[in-house]
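Source file upload_4.pdb; content: PDB, N, CA and C atoms.
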```pdb
ATOM      1  N   MET A  68    -176.446-129.693 -45.508
ATOM      2  CA  MET A  68    -176.055-128.973 -44.316
ATOM      3  C   MET A  68    -175.423-129.950 -43.333
ATOM      4  N   ALA A  69    -174.407-129.482 -42.629
ATOM      5  CA  ALA A  69    -173.684-130.321 -41.671
ATOM      6  C   ALA A  69    -174.537-130.613 -40.436
ATOM      7  N   GLN A  70    -174.383-131.815 -39.954
ATOM      8  CA  GLN A  70    -175.056-132.258 -38.738
ATOM      9  C   GLN A  70    -174.283-131.706 -37.544
ATOM     10  N   ASN A  71    -174.958-131.098 -36.569
ATOM     11  CA  ASN A  71    -174.289-130.593 -35.370
ATOM     12  C   ASN A  71    -174.002-131.760 -34.438
ATOM     13  N   THR A  72    -172.743-131.895 -34.026
ATOM     14  CA  THR A  72    -172.333-132.984 -33.141
ATOM     15  C   THR A  72    -171.394-132.453 -32.077
ATOM     16  N   ASN A  73    -171.551-132.973 -30.872
ATOM     17  CA  ASN A  73    -170.661-132.622 -29.771
ATOM     18  C   ASN A  73    -170.212-133.915 -29.110
ATOM     19  N   TYR A  74    -168.934-133.957 -28.729
ATOM     20  CA  TYR A  74    -168.356-135.158 -28.153
ATOM     21  C   TYR A  74    -167.662-134.808 -26.838
ATOM     22  N   ILE A  75    -167.574-135.779 -25.966
ATOM     23  CA  ILE A  75    -166.750-135.681 -24.771
ATOM     24  C   ILE A  75    -165.674-136.747 -24.911
ATOM     25  N   TRP A  76    -164.421-136.343 -24.712
ATOM     26  CA  TRP A  76    -163.313-137.278 -24.839
ATOM     27  C   TRP A  76    -162.369-137.071 -23.662
ATOM     28  N   TYR A  77    -161.788-138.158 -23.185
ATOM     29  CA  TYR A  77    -160.861-138.080 -22.060
ATOM     30  C   TYR A  77    -159.434-138.063 -22.584
ATOM     31  N   GLN A  78    -158.641-137.153 -22.048
ATOM     32  CA  GLN A  78    -157.319-136.846 -22.580
ATOM     33  C   GLN A  78    -156.408-138.054 -22.732
ATOM     34  N   TYR A  79    -156.432-138.985 -21.810
ATOM     35  CA  TYR A  79    -155.499-140.112 -21.860
ATOM     36  C   TYR A  79    -156.180-141.402 -22.306
ATOM     37  N   ALA A  80    -157.207-141.272 -23.142
ATOM     38  CA  ALA A  80    -157.967-142.439 -23.586
ATOM     39  C   ALA A  80    -157.695-142.766 -25.043
ATOM     40  N   ASP A  81    -157.646-144.061 -25.335
ATOM     41  CA  ASP A  81    -157.658-144.559 -26.704
ATOM     42  C   ASP A  81    -159.065-145.062 -26.965
ATOM     43  N   GLY A  82    -159.549-144.906 -28.174
ATOM     44  CA  GLY A  82    -160.879-145.428 -28.462
ATOM     45  C   GLY A  82    -161.363-145.067 -29.845
ATOM     46  N   ILE A  83    -162.648-145.340 -30.052
ATOM     47  CA  ILE A  83    -163.297-145.131 -31.343
ATOM     48  C   ILE A  83    -164.421-144.121 -31.168
ATOM     49  N   LEU A  84    -164.411-143.100 -31.998
ATOM     50  CA  LEU A  84    -165.498-142.136 -32.059
ATOM     51  C   LEU A  84    -166.385-142.571 -33.224
ATOM     52  N   VAL A  85    -167.667-142.771 -32.977
ATOM     53  CA  VAL A  85    -168.579-143.272 -34.009
ATOM     54  C   VAL A  85    -169.424-142.120 -34.543
ATOM     55  N   ILE A  86    -169.438-141.979 -35.864
ATOM     56  CA  ILE A  86    -170.298-140.995 -36.523
ATOM     57  C   ILE A  86    -171.325-141.757 -37.345
ATOM     58  N   GLN A  87    -172.600-141.473 -37.108
ATOM     59  CA  GLN A  87    -173.712-142.116 -37.809
ATOM     60  C   GLN A  87    -174.465-141.051 -38.601
ATOM     61  N   MET A  88    -174.553-141.215 -39.919
ATOM     62  CA  MET A  88    -175.278-140.266 -40.756
ATOM     63  C   MET A  88    -176.759-140.271 -40.389
ATOM     64  N   GLN A  89    -177.350-139.084 -40.354
ATOM     65  CA  GLN A  89    -178.779-138.945 -40.079
ATOM     66  C   GLN A  89    -179.413-138.147 -41.194
ATOM     67  N   PRO A  90    -180.350-138.680 -41.934
ATOM     68  CA  PRO A  90    -180.822-140.060 -41.895
ATOM     69  C   PRO A  90    -179.741-141.000 -42.440
ATOM     70  N   PRO A  91    -179.867-142.311 -42.143
ATOM     71  CA  PRO A  91    -178.882-143.274 -42.658
ATOM     72  C   PRO A  91    -178.727-143.131 -44.180
ATOM     73  N   THR A  92    -177.481-143.038 -44.629
ATOM     74  CA  THR A  92    -177.158-142.766 -46.030
ATOM     75  C   THR A  92    -176.050-143.702 -46.489
ATOM     76  N   ASN A  93    -176.160-144.205 -47.696
ATOM     77  CA  ASN A  93    -175.111-145.058 -48.248
ATOM     78  C   ASN A  93    -173.885-144.208 -48.542
ATOM     79  N   ILE A  94    -172.745-144.590 -47.958
ATOM     80  CA  ILE A  94    -171.507-143.818 -48.136
ATOM     81  C   ILE A  94    -170.408-144.661 -48.785
ATOM     82  N   GLY A  95    -170.794-145.772 -49.389
ATOM     83  CA  GLY A  95    -169.812-146.657 -50.020
ATOM     84  C   GLY A  95    -168.962-145.940 -51.048
ATOM     85  N   GLY A  96    -167.635-146.122 -50.974
ATOM     86  CA  GLY A  96    -166.716-145.549 -51.940
ATOM     87  C   GLY A  96    -166.403-144.085 -51.753
ATOM     88  N   GLN A  97    -166.891-143.471 -50.697
ATOM     89  CA  GLN A  97    -166.635-142.055 -50.463
ATOM     90  C   GLN A  97    -165.443-141.867 -49.522
ATOM     91  N   GLU A  98    -164.792-140.734 -49.646
ATOM     92  CA  GLU A  98    -163.641-140.394 -48.811
ATOM     93  C   GLU A  98    -164.058-139.331 -47.796
ATOM     94  N   PHE A  99    -163.570-139.476 -46.552
ATOM     95  CA  PHE A  99    -163.926-138.549 -45.480
ATOM     96  C   PHE A  99    -162.676-138.062 -44.764
ATOM     97  N   VAL A 100    -162.757-136.832 -44.225
ATOM     98  CA  VAL A 100    -161.677-136.252 -43.429
ATOM     99  C   VAL A 100    -162.293-135.667 -42.160
ATOM    100  N   PHE A 101    -161.704-136.007 -41.003
ATOM    101  CA  PHE A 101    -162.125-135.502 -39.701
ATOM    102  C   PHE A 101    -161.000-134.628 -39.170
ATOM    103  N   LYS A 102    -161.333-133.410 -38.711
ATOM    104  CA  LYS A 102    -160.309-132.487 -38.226
ATOM    105  C   LYS A 102    -160.695-131.922 -36.862
ATOM    106  N   VAL A 103    -159.658-131.647 -36.061
ATOM    107  CA  VAL A 103    -159.831-131.016 -34.755
ATOM    108  C   VAL A 103    -158.875-129.833 -34.700
ATOM    109  N   ALA A 104    -159.396-128.672 -34.283
ATOM    110  CA  ALA A 104    -158.582-127.455 -34.200
ATOM    111  C   ALA A 104    -158.990-126.645 -32.979
ATOM    112  N   ASN A 105    -158.218-125.617 -32.689
ATOM    113  CA  ASN A 105    -158.546-124.749 -31.560
ATOM    114  C   ASN A 105    -159.836-123.977 -31.789
ATOM    115  N   ARG A 106    -160.137-123.663 -33.050
ATOM    116  CA  ARG A 106    -161.367-122.920 -33.367
ATOM    117  C   ARG A 106    -161.756-123.179 -34.827
ATOM    118  N   PHE A 107    -163.005-122.894 -35.151
ATOM    119  CA  PHE A 107    -163.463-123.030 -36.522
ATOM    120  C   PHE A 107    -162.755-122.003 -37.398
ATOM    121  N   GLY A 108    -162.485-122.369 -38.625
ATOM    122  CA  GLY A 108    -161.806-121.483 -39.560
ATOM    123  C   GLY A 108    -160.299-121.548 -39.464
ATOM    124  N   SER A 109    -159.798-122.394 -38.582
ATOM    125  CA  SER A 109    -158.352-122.524 -38.429
ATOM    126  C   SER A 109    -157.747-123.145 -39.681
ATOM    127  N   GLU A 110    -156.650-122.584 -40.107
ATOM    128  CA  GLU A 110    -155.946-123.109 -41.280
ATOM    129  C   GLU A 110    -155.020-124.260 -40.913
ATOM    130  N   ALA A 111    -154.813-124.479 -39.604
ATOM    131  CA  ALA A 111    -153.867-125.501 -39.172
ATOM    132  C   ALA A 111    -154.462-126.356 -38.051
ATOM    133  N   PRO A 112    -155.352-127.312 -38.398
ATOM    134  CA  PRO A 112    -155.869-128.210 -37.362
ATOM    135  C   PRO A 112    -154.733-129.052 -36.785
ATOM    136  N   PHE A 113    -154.800-129.352 -35.493
ATOM    137  CA  PHE A 113    -153.728-130.138 -34.890
ATOM    138  C   PHE A 113    -153.965-131.635 -35.011
ATOM    139  N   LEU A 114    -155.152-132.035 -35.465
ATOM    140  CA  LEU A 114    -155.440-133.455 -35.648
ATOM    141  C   LEU A 114    -156.246-133.634 -36.928
ATOM    142  N   THR A 115    -155.785-134.514 -37.800
ATOM    143  CA  THR A 115    -156.500-134.834 -39.035
ATOM    144  C   THR A 115    -156.515-136.341 -39.203
ATOM    145  N   LYS A 116    -157.719-136.891 -39.396
ATOM    146  CA  LYS A 116    -157.894-138.315 -39.672
ATOM    147  C   LYS A 116    -158.627-138.417 -40.997
ATOM    148  N   SER A 117    -158.302-139.447 -41.778
ATOM    149  CA  SER A 117    -158.955-139.596 -43.078
ATOM    150  C   SER A 117    -159.165-141.065 -43.400
ATOM    151  N   THR A 118    -160.031-141.315 -44.373
ATOM    152  CA  THR A 118    -160.211-142.677 -44.840
ATOM    153  C   THR A 118    -159.020-143.029 -45.722
ATOM    154  N   ALA A 119    -158.671-144.293 -45.726
ATOM    155  CA  ALA A 119    -157.583-144.781 -46.572
ATOM    156  C   ALA A 119    -158.183-145.731 -47.590
ATOM    157  N   SER A 120    -157.583-145.811 -48.744
ATOM    158  CA  SER A 120    -158.078-146.739 -49.751
ATOM    159  C   SER A 120    -156.990-147.737 -50.107
ATOM    160  N   GLY A 121    -157.399-148.867 -50.602
ATOM    161  CA  GLY A 121    -156.437-149.872 -51.025
ATOM    162  C   GLY A 121    -155.855-150.654 -49.868
ATOM    163  N   TYR A 122    -154.621-151.085 -50.020
ATOM    164  CA  TYR A 122    -153.957-151.904 -49.012
ATOM    165  C   TYR A 122    -153.805-151.134 -47.703
ATOM    166  N   GLY A 123    -154.152-151.792 -46.598
ATOM    167  CA  GLY A 123    -154.014-151.162 -45.290
ATOM    168  C   GLY A 123    -155.101-150.149 -45.001
ATOM    169  N   ALA A 124    -156.280-150.308 -45.605
ATOM    170  CA  ALA A 124    -157.372-149.358 -45.387
ATOM    171  C   ALA A 124    -157.622-149.172 -43.900
ATOM    172  N   GLY A 125    -157.847-147.953 -43.487
ATOM    173  CA  GLY A 125    -158.108-147.635 -42.102
ATOM    174  C   GLY A 125    -156.879-147.132 -41.368
ATOM    175  N   GLN A 126    -155.690-147.220 -41.969
ATOM    176  CA  GLN A 126    -154.481-146.766 -41.302
ATOM    177  C   GLN A 126    -154.475-145.266 -41.068
ATOM    178  N   SER A 127    -155.242-144.537 -41.813
ATOM    179  CA  SER A 127    -155.250-143.090 -41.670
ATOM    180  C   SER A 127    -156.231-142.606 -40.613
ATOM    181  N   GLY A 128    -156.926-143.509 -39.947
ATOM    182  CA  GLY A 128    -157.736-143.112 -38.808
ATOM    183  C   GLY A 128    -159.232-143.258 -38.946
ATOM    184  N   ILE A 129    -159.775-143.291 -40.165
ATOM    185  CA  ILE A 129    -161.217-143.455 -40.336
ATOM    186  C   ILE A 129    -161.477-144.757 -41.074
ATOM    187  N   THR A 130    -162.393-145.538 -40.531
ATOM    188  CA  THR A 130    -162.830-146.768 -41.171
ATOM    189  C   THR A 130    -164.329-146.669 -41.411
ATOM    190  N   VAL A 131    -164.766-146.993 -42.623
ATOM    191  CA  VAL A 131    -166.200-147.061 -42.897
ATOM    192  C   VAL A 131    -166.681-148.377 -42.295
ATOM    193  N   PHE A 132    -167.477-148.292 -41.240
ATOM    194  CA  PHE A 132    -167.918-149.467 -40.502
ATOM    195  C   PHE A 132    -169.115-150.126 -41.167
ATOM    196  N   ASN A 133    -170.102-149.334 -41.564
ATOM    197  CA  ASN A 133    -171.305-149.848 -42.213
ATOM    198  C   ASN A 133    -171.668-148.863 -43.320
ATOM    199  N   SER A 134    -171.221-149.143 -44.531
ATOM    200  CA  SER A 134    -171.405-148.177 -45.624
ATOM    201  C   SER A 134    -172.870-147.975 -45.987
ATOM    202  N   GLY A 135    -173.690-149.004 -45.869
ATOM    203  CA  GLY A 135    -175.105-148.888 -46.216
ATOM    204  C   GLY A 135    -175.885-147.984 -45.276
ATOM    205  N   GLN A 136    -175.478-147.928 -44.013
ATOM    206  CA  GLN A 136    -176.158-147.105 -43.015
ATOM    207  C   GLN A 136    -175.417-145.794 -42.725
ATOM    208  N   GLY A 137    -174.228-145.631 -43.288
ATOM    209  CA  GLY A 137    -173.489-144.386 -43.105
ATOM    210  C   GLY A 137    -172.798-144.267 -41.766
ATOM    211  N   THR A 138    -172.111-145.335 -41.340
ATOM    212  CA  THR A 138    -171.411-145.312 -40.057
ATOM    213  C   THR A 138    -169.905-145.267 -40.267
ATOM    214  N   LEU A 139    -169.266-144.268 -39.652
ATOM    215  CA  LEU A 139    -167.813-144.108 -39.694
ATOM    216  C   LEU A 139    -167.253-144.334 -38.299
ATOM    217  N   ASN A 140    -166.126-145.031 -38.206
ATOM    218  CA  ASN A 140    -165.393-145.178 -36.953
ATOM    219  C   ASN A 140    -164.108-144.369 -37.078
ATOM    220  N   ILE A 141    -163.888-143.449 -36.134
ATOM    221  CA  ILE A 141    -162.688-142.622 -36.129
ATOM    222  C   ILE A 141    -161.845-143.041 -34.936
ATOM    223  N   ARG A 142    -160.639-143.501 -35.218
ATOM    224  CA  ARG A 142    -159.733-143.974 -34.178
ATOM    225  C   ARG A 142    -159.007-142.785 -33.555
ATOM    226  N   LEU A 143    -159.236-142.569 -32.247
ATOM    227  CA  LEU A 143    -158.543-141.516 -31.511
ATOM    228  C   LEU A 143    -157.607-142.170 -30.504
ATOM    229  N   ASN A 144    -156.381-141.701 -30.463
ATOM    230  CA  ASN A 144    -155.374-142.241 -29.563
ATOM    231  C   ASN A 144    -155.014-141.207 -28.502
ATOM    232  N   ALA A 145    -154.550-141.674 -27.354
ATOM    233  CA  ALA A 145    -154.162-140.762 -26.273
ATOM    234  C   ALA A 145    -153.127-139.756 -26.746
ATOM    235  N   VAL A 146    -152.221-140.177 -27.598
ATOM    236  CA  VAL A 146    -151.171-139.283 -28.087
ATOM    237  C   VAL A 146    -151.750-138.133 -28.929
ATOM    238  N   ASP A 147    -152.938-138.301 -29.511
ATOM    239  CA  ASP A 147    -153.553-137.253 -30.323
ATOM    240  C   ASP A 147    -153.814-135.980 -29.513
ATOM    241  N   PHE A 148    -154.044-136.133 -28.204
ATOM    242  CA  PHE A 148    -154.365-134.983 -27.355
ATOM    243  C   PHE A 148    -153.313-134.736 -26.280
ATOM    244  N   SER A 149    -152.168-135.357 -26.421
ATOM    245  CA  SER A 149    -151.086-135.196 -25.459
ATOM    246  C   SER A 149    -150.659-133.730 -25.382
ATOM    247  N   GLY A 150    -150.613-133.201 -24.184
ATOM    248  CA  GLY A 150    -150.189-131.820 -23.987
ATOM    249  C   GLY A 150    -151.248-130.779 -24.269
ATOM    250  N   ARG A 151    -152.452-131.183 -24.615
ATOM    251  CA  ARG A 151    -153.542-130.246 -24.903
ATOM    252  C   ARG A 151    -154.288-129.885 -23.622
ATOM    253  N   ASP A 152    -154.751-128.650 -23.543
ATOM    254  CA  ASP A 152    -155.536-128.218 -22.391
ATOM    255  C   ASP A 152    -156.915-128.842 -22.431
ATOM    256  N   PRO A 153    -157.502-129.142 -21.263
ATOM    257  CA  PRO A 153    -158.857-129.706 -21.220
ATOM    258  C   PRO A 153    -159.915-128.611 -21.431
ATOM    259  N   ILE A 154    -160.174-128.303 -22.698
ATOM    260  CA  ILE A 154    -161.151-127.277 -23.086
ATOM    261  C   ILE A 154    -161.968-127.814 -24.261
ATOM    262  N   ASN A 155    -162.800-126.965 -24.845
ATOM    263  CA  ASN A 155    -163.565-127.332 -26.039
ATOM    264  C   ASN A 155    -162.737-127.047 -27.287
ATOM    265  N   TYR A 156    -162.745-128.012 -28.220
ATOM    266  CA  TYR A 156    -162.063-127.858 -29.495
ATOM    267  C   TYR A 156    -163.084-127.998 -30.618
ATOM    268  N   ALA A 157    -162.877-127.260 -31.698
ATOM    269  CA  ALA A 157    -163.750-127.331 -32.863
ATOM    270  C   ALA A 157    -163.447-128.605 -33.650
ATOM    271  N   THR A 158    -164.495-129.306 -34.089
ATOM    272  CA  THR A 158    -164.335-130.499 -34.918
ATOM    273  C   THR A 158    -165.233-130.391 -36.141
ATOM    274  N   TRP A 159    -164.799-131.009 -37.225
ATOM    275  CA  TRP A 159    -165.649-131.098 -38.405
ATOM    276  C   TRP A 159    -165.241-132.303 -39.234
ATOM    277  N   THR A 160    -166.214-132.846 -39.926
ATOM    278  CA  THR A 160    -165.995-133.961 -40.844
ATOM    279  C   THR A 160    -166.489-133.521 -42.208
ATOM    280  N   ASN A 161    -165.678-133.723 -43.226
ATOM    281  CA  ASN A 161    -166.053-133.386 -44.603
ATOM    282  C   ASN A 161    -165.942-134.614 -45.490
ATOM    283  N   ARG A 162    -166.834-134.682 -46.477
ATOM    284  CA  ARG A 162    -166.713-135.682 -47.540
ATOM    285  C   ARG A 162    -165.897-135.041 -48.646
ATOM    286  N   GLN A 163    -164.861-135.743 -49.101
ATOM    287  CA  GLN A 163    -163.988-135.242 -50.151
ATOM    288  C   GLN A 163    -164.435-135.817 -51.491
ATOM    289  N   ASP A 164    -164.513-134.971 -52.505
ATOM    290  CA  ASP A 164    -164.918-135.432 -53.824
ATOM    291  C   ASP A 164    -164.271-134.553 -54.876
ATOM    292  N   SER A 165    -163.245-135.059 -55.532
ATOM    293  CA  SER A 165    -162.552-134.342 -56.617
ATOM    294  C   SER A 165    -162.182-132.920 -56.214
ATOM    295  N   GLY A 166    -161.608-132.767 -55.031
ATOM    296  CA  GLY A 166    -161.177-131.455 -54.584
ATOM    297  C   GLY A 166    -162.261-130.642 -53.899
ATOM    298  N   GLN A 167    -163.505-131.088 -53.987
ATOM    299  CA  GLN A 167    -164.612-130.399 -53.327
ATOM    300  C   GLN A 167    -164.818-130.983 -51.936
ATOM    301  N   GLN A 168    -165.246-130.159 -50.993
ATOM    302  CA  GLN A 168    -165.521-130.618 -49.647
ATOM    303  C   GLN A 168    -166.982-130.365 -49.312
ATOM    304  N   THR A 169    -167.670-131.414 -48.868
ATOM    305  CA  THR A 169    -169.053-131.295 -48.435
ATOM    306  C   THR A 169    -169.089-131.523 -46.932
ATOM    307  N   PRO A 170    -169.540-130.538 -46.137
ATOM    308  CA  PRO A 170    -169.594-130.713 -44.689
ATOM    309  C   PRO A 170    -170.571-131.821 -44.298
ATOM    310  N   VAL A 171    -170.129-132.686 -43.390
ATOM    311  CA  VAL A 171    -170.962-133.776 -42.882
ATOM    312  C   VAL A 171    -171.326-133.514 -41.431
ATOM    313  N   THR A 172    -170.319-133.203 -40.597
ATOM    314  CA  THR A 172    -170.561-132.856 -39.193
ATOM    315  C   THR A 172    -169.776-131.621 -38.834
ATOM    316  N   ARG A 173    -170.237-130.977 -37.784
ATOM    317  CA  ARG A 173    -169.571-129.789 -37.254
ATOM    318  C   ARG A 173    -169.973-129.676 -35.796
ATOM    319  N   GLY A 174    -169.006-129.439 -34.906
ATOM    320  CA  GLY A 174    -169.349-129.313 -33.510
ATOM    321  C   GLY A 174    -168.123-129.141 -32.636
ATOM    322  N   PHE A 175    -168.250-129.582 -31.389
ATOM    323  CA  PHE A 175    -167.174-129.417 -30.421
ATOM    324  C   PHE A 175    -166.820-130.729 -29.758
ATOM    325  N   LEU A 176    -165.542-130.873 -29.460
ATOM    326  CA  LEU A 176    -165.042-131.988 -28.683
ATOM    327  C   LEU A 176    -164.567-131.390 -27.355
ATOM    328  N   THR A 177    -165.212-131.817 -26.271
ATOM    329  CA  THR A 177    -164.823-131.357 -24.950
ATOM    330  C   THR A 177    -163.797-132.336 -24.410
ATOM    331  N   LEU A 178    -162.589-131.846 -24.190
ATOM    332  CA  LEU A 178    -161.515-132.680 -23.692
ATOM    333  C   LEU A 178    -161.485-132.597 -22.164
ATOM    334  N   ARG A 179    -161.547-133.739 -21.522
ATOM    335  CA  ARG A 179    -161.524-133.793 -20.056
ATOM    336  C   ARG A 179    -160.327-134.596 -19.586
ATOM    337  N   LEU A 180    -159.916-134.344 -18.355
ATOM    338  CA  LEU A 180    -158.817-135.106 -17.761
ATOM    339  C   LEU A 180    -159.273-136.467 -17.310
TER     340      LEU A 180
END
```
Here is a file; write its structure as structure tokens.
Amino acid sequence: MAQNTNYIWYQYADGILVIQMQPPTNIGGQEFVFKVANRFGSEAPFLTKSTASGYGAGQSGITVFNSGQGTLNIRLNAVDFSGRDPINYATWTNRQDSGQQTPVTRGFLTLRL
């Protein structure tokens, strides 16, 4: 079952959103996708970050910070929310495995000015 998570983010901020598995879980070698949309069930999220493998790992927005404890760092840039209204947006993180998606987190990101 997905962990419920809520975040507060400032519209013109660059930074790192940290996701910590509860309980701590080894996530070595796994692929993750983080999405932000206007609402849950949206077929077209406006922001998608994923883990990258091989050369240049982390360029896609998610870096596994501590695989033994299950810590992910998600890089959010000011441009990701440029022009967006300061409201609540639906967020979710899934583990990808051979076309299957396992929910890891689900919640809201409150965007503030």
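Of the residues under consideration (A:Gly137, A:Arg179, A:Gly128, A:Phe99), A:Phe99 shows the shortest atom-to-atom contact distance to Asn161 in chain A when counting all atoms listed in the file.
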Open item on the list: Once the PyMOL selection byres (((chain A and resi 84 and name CA) around 8) and name CA) has been evaluated on this model, what residues remain selected, and can you format them as number ranges by chain?
Closed with: A: 82-83, 85-86, 140-143
Would you save the residues from that selection as a JSON list (two decimals), keeping the file's coordinate frame, using N, CA and C atoms?
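Saved to part05.json:
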```
[["chain", "number", "residue", "atom", "x", "y", "z"],
["A", 82, "GLY", "N", -159.55, -144.91, -28.17],
["A", 82, "GLY", "CA", -160.88, -145.43, -28.46],
["A", 82, "GLY", "C", -161.36, -145.07, -29.84],
["A", 83, "ILE", "N", -162.65, -145.34, -30.05],
["A", 83, "ILE", "CA", -163.30, -145.13, -31.34],
["A", 83, "ILE", "C", -164.42, -144.12, -31.17],
["A", 85, "VAL", "N", -167.67, -142.77, -32.98],
["A", 85, "VAL", "CA", -168.58, -143.27, -34.01],
["A", 85, "VAL", "C", -169.42, -142.12, -34.54],
["A", 86, "ILE", "N", -169.44, -141.98, -35.86],
["A", 86, "ILE", "CA", -170.30, -141.00, -36.52],
["A", 86, "ILE", "C", -171.32, -141.76, -37.34],
["A", 140, "ASN", "N", -166.13, -145.03, -38.21],
["A", 140, "ASN", "CA", -165.39, -145.18, -36.95],
["A", 140, "ASN", "C", -164.11, -144.37, -37.08],
["A", 141, "ILE", "N", -163.89, -143.45, -36.13],
["A", 141, "ILE", "CA", -162.69, -142.62, -36.13],
["A", 141, "ILE", "C", -161.84, -143.04, -34.94],
["A", 142, "ARG", "N", -160.64, -143.50, -35.22],
["A", 142, "ARG", "CA", -159.73, -143.97, -34.18],
["A", 142, "ARG", "C", -159.01, -142.78, -33.56],
["A", 143, "LEU", "N", -159.24, -142.57, -32.25],
["A", 143, "LEU", "CA", -158.54, -141.52, -31.51],
["A", 143, "LEU", "C", -157.61, -142.17, -30.50]]
```
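CA of Thr160 in chain A is found 20.0 Å from CA of Ala145 in chain A.
Comparing the minimum interatomic distances between Pro112 in chain A and each of A:Ile154, A:Val131, A:Ala80, A:Val100, counting only C-alpha atoms, we find that A:Val100 sits nearest.
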Open item on the list: Quick one: residues within 7 Å of Phe148 in chain A, all atoms listed in the file, excluding same-chain residues fewer than 3 positions away - as a PyMOL selection string?
Closed with: chain A and resi 78-79+144-145+151-152
Residues as selected, N, CA and C atoms, written as a PDB file, keeping the file's coordinate frame, can you do that?
```pdb
ATOM      1  N   GLN A  78    -158.641-137.153 -22.048  1.00  0.00           N
ATOM      2  CA  GLN A  78    -157.319-136.846 -22.580  1.00  0.00           C
ATOM      3  C   GLN A  78    -156.408-138.054 -22.732  1.00  0.00           C
ATOM      4  N   TYR A  79    -156.432-138.985 -21.810  1.00  0.00           N
ATOM      5  CA  TYR A  79    -155.499-140.112 -21.860  1.00  0.00           C
ATOM      6  C   TYR A  79    -156.180-141.402 -22.306  1.00  0.00           C
ATOM      7  N   ASN A 144    -156.381-141.701 -30.463  1.00  0.00           N
ATOM      8  CA  ASN A 144    -155.374-142.241 -29.563  1.00  0.00           C
ATOM      9  C   ASN A 144    -155.014-141.207 -28.502  1.00  0.00           C
ATOM     10  N   ALA A 145    -154.550-141.674 -27.354  1.00  0.00           N
ATOM     11  CA  ALA A 145    -154.162-140.762 -26.273  1.00  0.00           C
ATOM     12  C   ALA A 145    -153.127-139.756 -26.746  1.00  0.00           C
ATOM     13  N   ARG A 151    -152.452-131.183 -24.615  1.00  0.00           N
ATOM     14  CA  ARG A 151    -153.542-130.246 -24.903  1.00  0.00           C
ATOM     15  C   ARG A 151    -154.288-129.885 -23.622  1.00  0.00           C
ATOM     16  N   ASP A 152    -154.751-128.650 -23.543  1.00  0.00           N
ATOM     17  CA  ASP A 152    -155.536-128.218 -22.391  1.00  0.00           C
ATOM     18  C   ASP A 152    -156.915-128.842 -22.431  1.00  0.00           C
TER      19      ASP A 152
END
```
- [ ] Report as a PyMOL selection string: the residues of range 112-180 of chain A with a DSSP assignment of strand (DSSP E or B), based on the backbone of this structure.
- [x] chain A and resi 114-118+128-133+138-143+155-164+167-179
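Note that the spacing between CA of Gly135 in chain A and CA of Thr92 in chain A amounts to 6.5 Å.
A straight line drawn from CA of Asn105 in chain A to CA of Tyr77 in chain A is 16.5 Å long.
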- [ ] Take the PyMOL selection byres ((chain A and resi 170) around 6.5), apply it to the structure above, and return the hits as a PyMOL selection string.
- [x] chain A and resi 68-70+160-162+168-169+171-172
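Of the residues listed (A:Asn93, A:Ser149, A:Asn71, A:Ser109), A:Ser149 shows the shortest atom-to-atom separation from Leu180 in chain A; distances use only C-alpha atoms.
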Open item on the list: Under the PyMOL selection byres ((chain A and resi 177) around 6.5), which residues of this model are included? Write them out as number ranges by chain.
Closed with: A: 73-77, 153-156, 175-176, 178-179
- [ ] Just the helix (DSSP H, G or I) stuff from chain A, please, per backbone DSSP, written as JSON, numbers by chain.
- [x] {"A": [145, 146, 147, 148]}
Filtering to N, CA and C atoms, could you give me those residues as an mmCIF file, in the frame of the given file?
```
data_model
loop_
_atom_site.group_PDB
_atom_site.id
_atom_site.type_symbol
_atom_site.label_atom_id
_atom_site.label_comp_id
_atom_site.auth_asym_id
_atom_site.auth_seq_id
_atom_site.Cartn_x
_atom_site.Cartn_y
_atom_site.Cartn_z
ATOM 1 N N ALA A 145 -154.550 -141.674 -27.354
ATOM 2 C CA ALA A 145 -154.162 -140.762 -26.273
ATOM 3 C C ALA A 145 -153.127 -139.756 -26.746
ATOM 4 N N VAL A 146 -152.221 -140.177 -27.598
ATOM 5 C CA VAL A 146 -151.171 -139.283 -28.087
ATOM 6 C C VAL A 146 -151.750 -138.133 -28.929
ATOM 7 N N ASP A 147 -152.938 -138.301 -29.511
ATOM 8 C CA ASP A 147 -153.553 -137.253 -30.323
ATOM 9 C C ASP A 147 -153.814 -135.980 -29.513
ATOM 10 N N PHE A 148 -154.044 -136.133 -28.204
ATOM 11 C CA PHE A 148 -154.365 -134.983 -27.355
ATOM 12 C C PHE A 148 -153.313 -134.736 -26.280
#
```
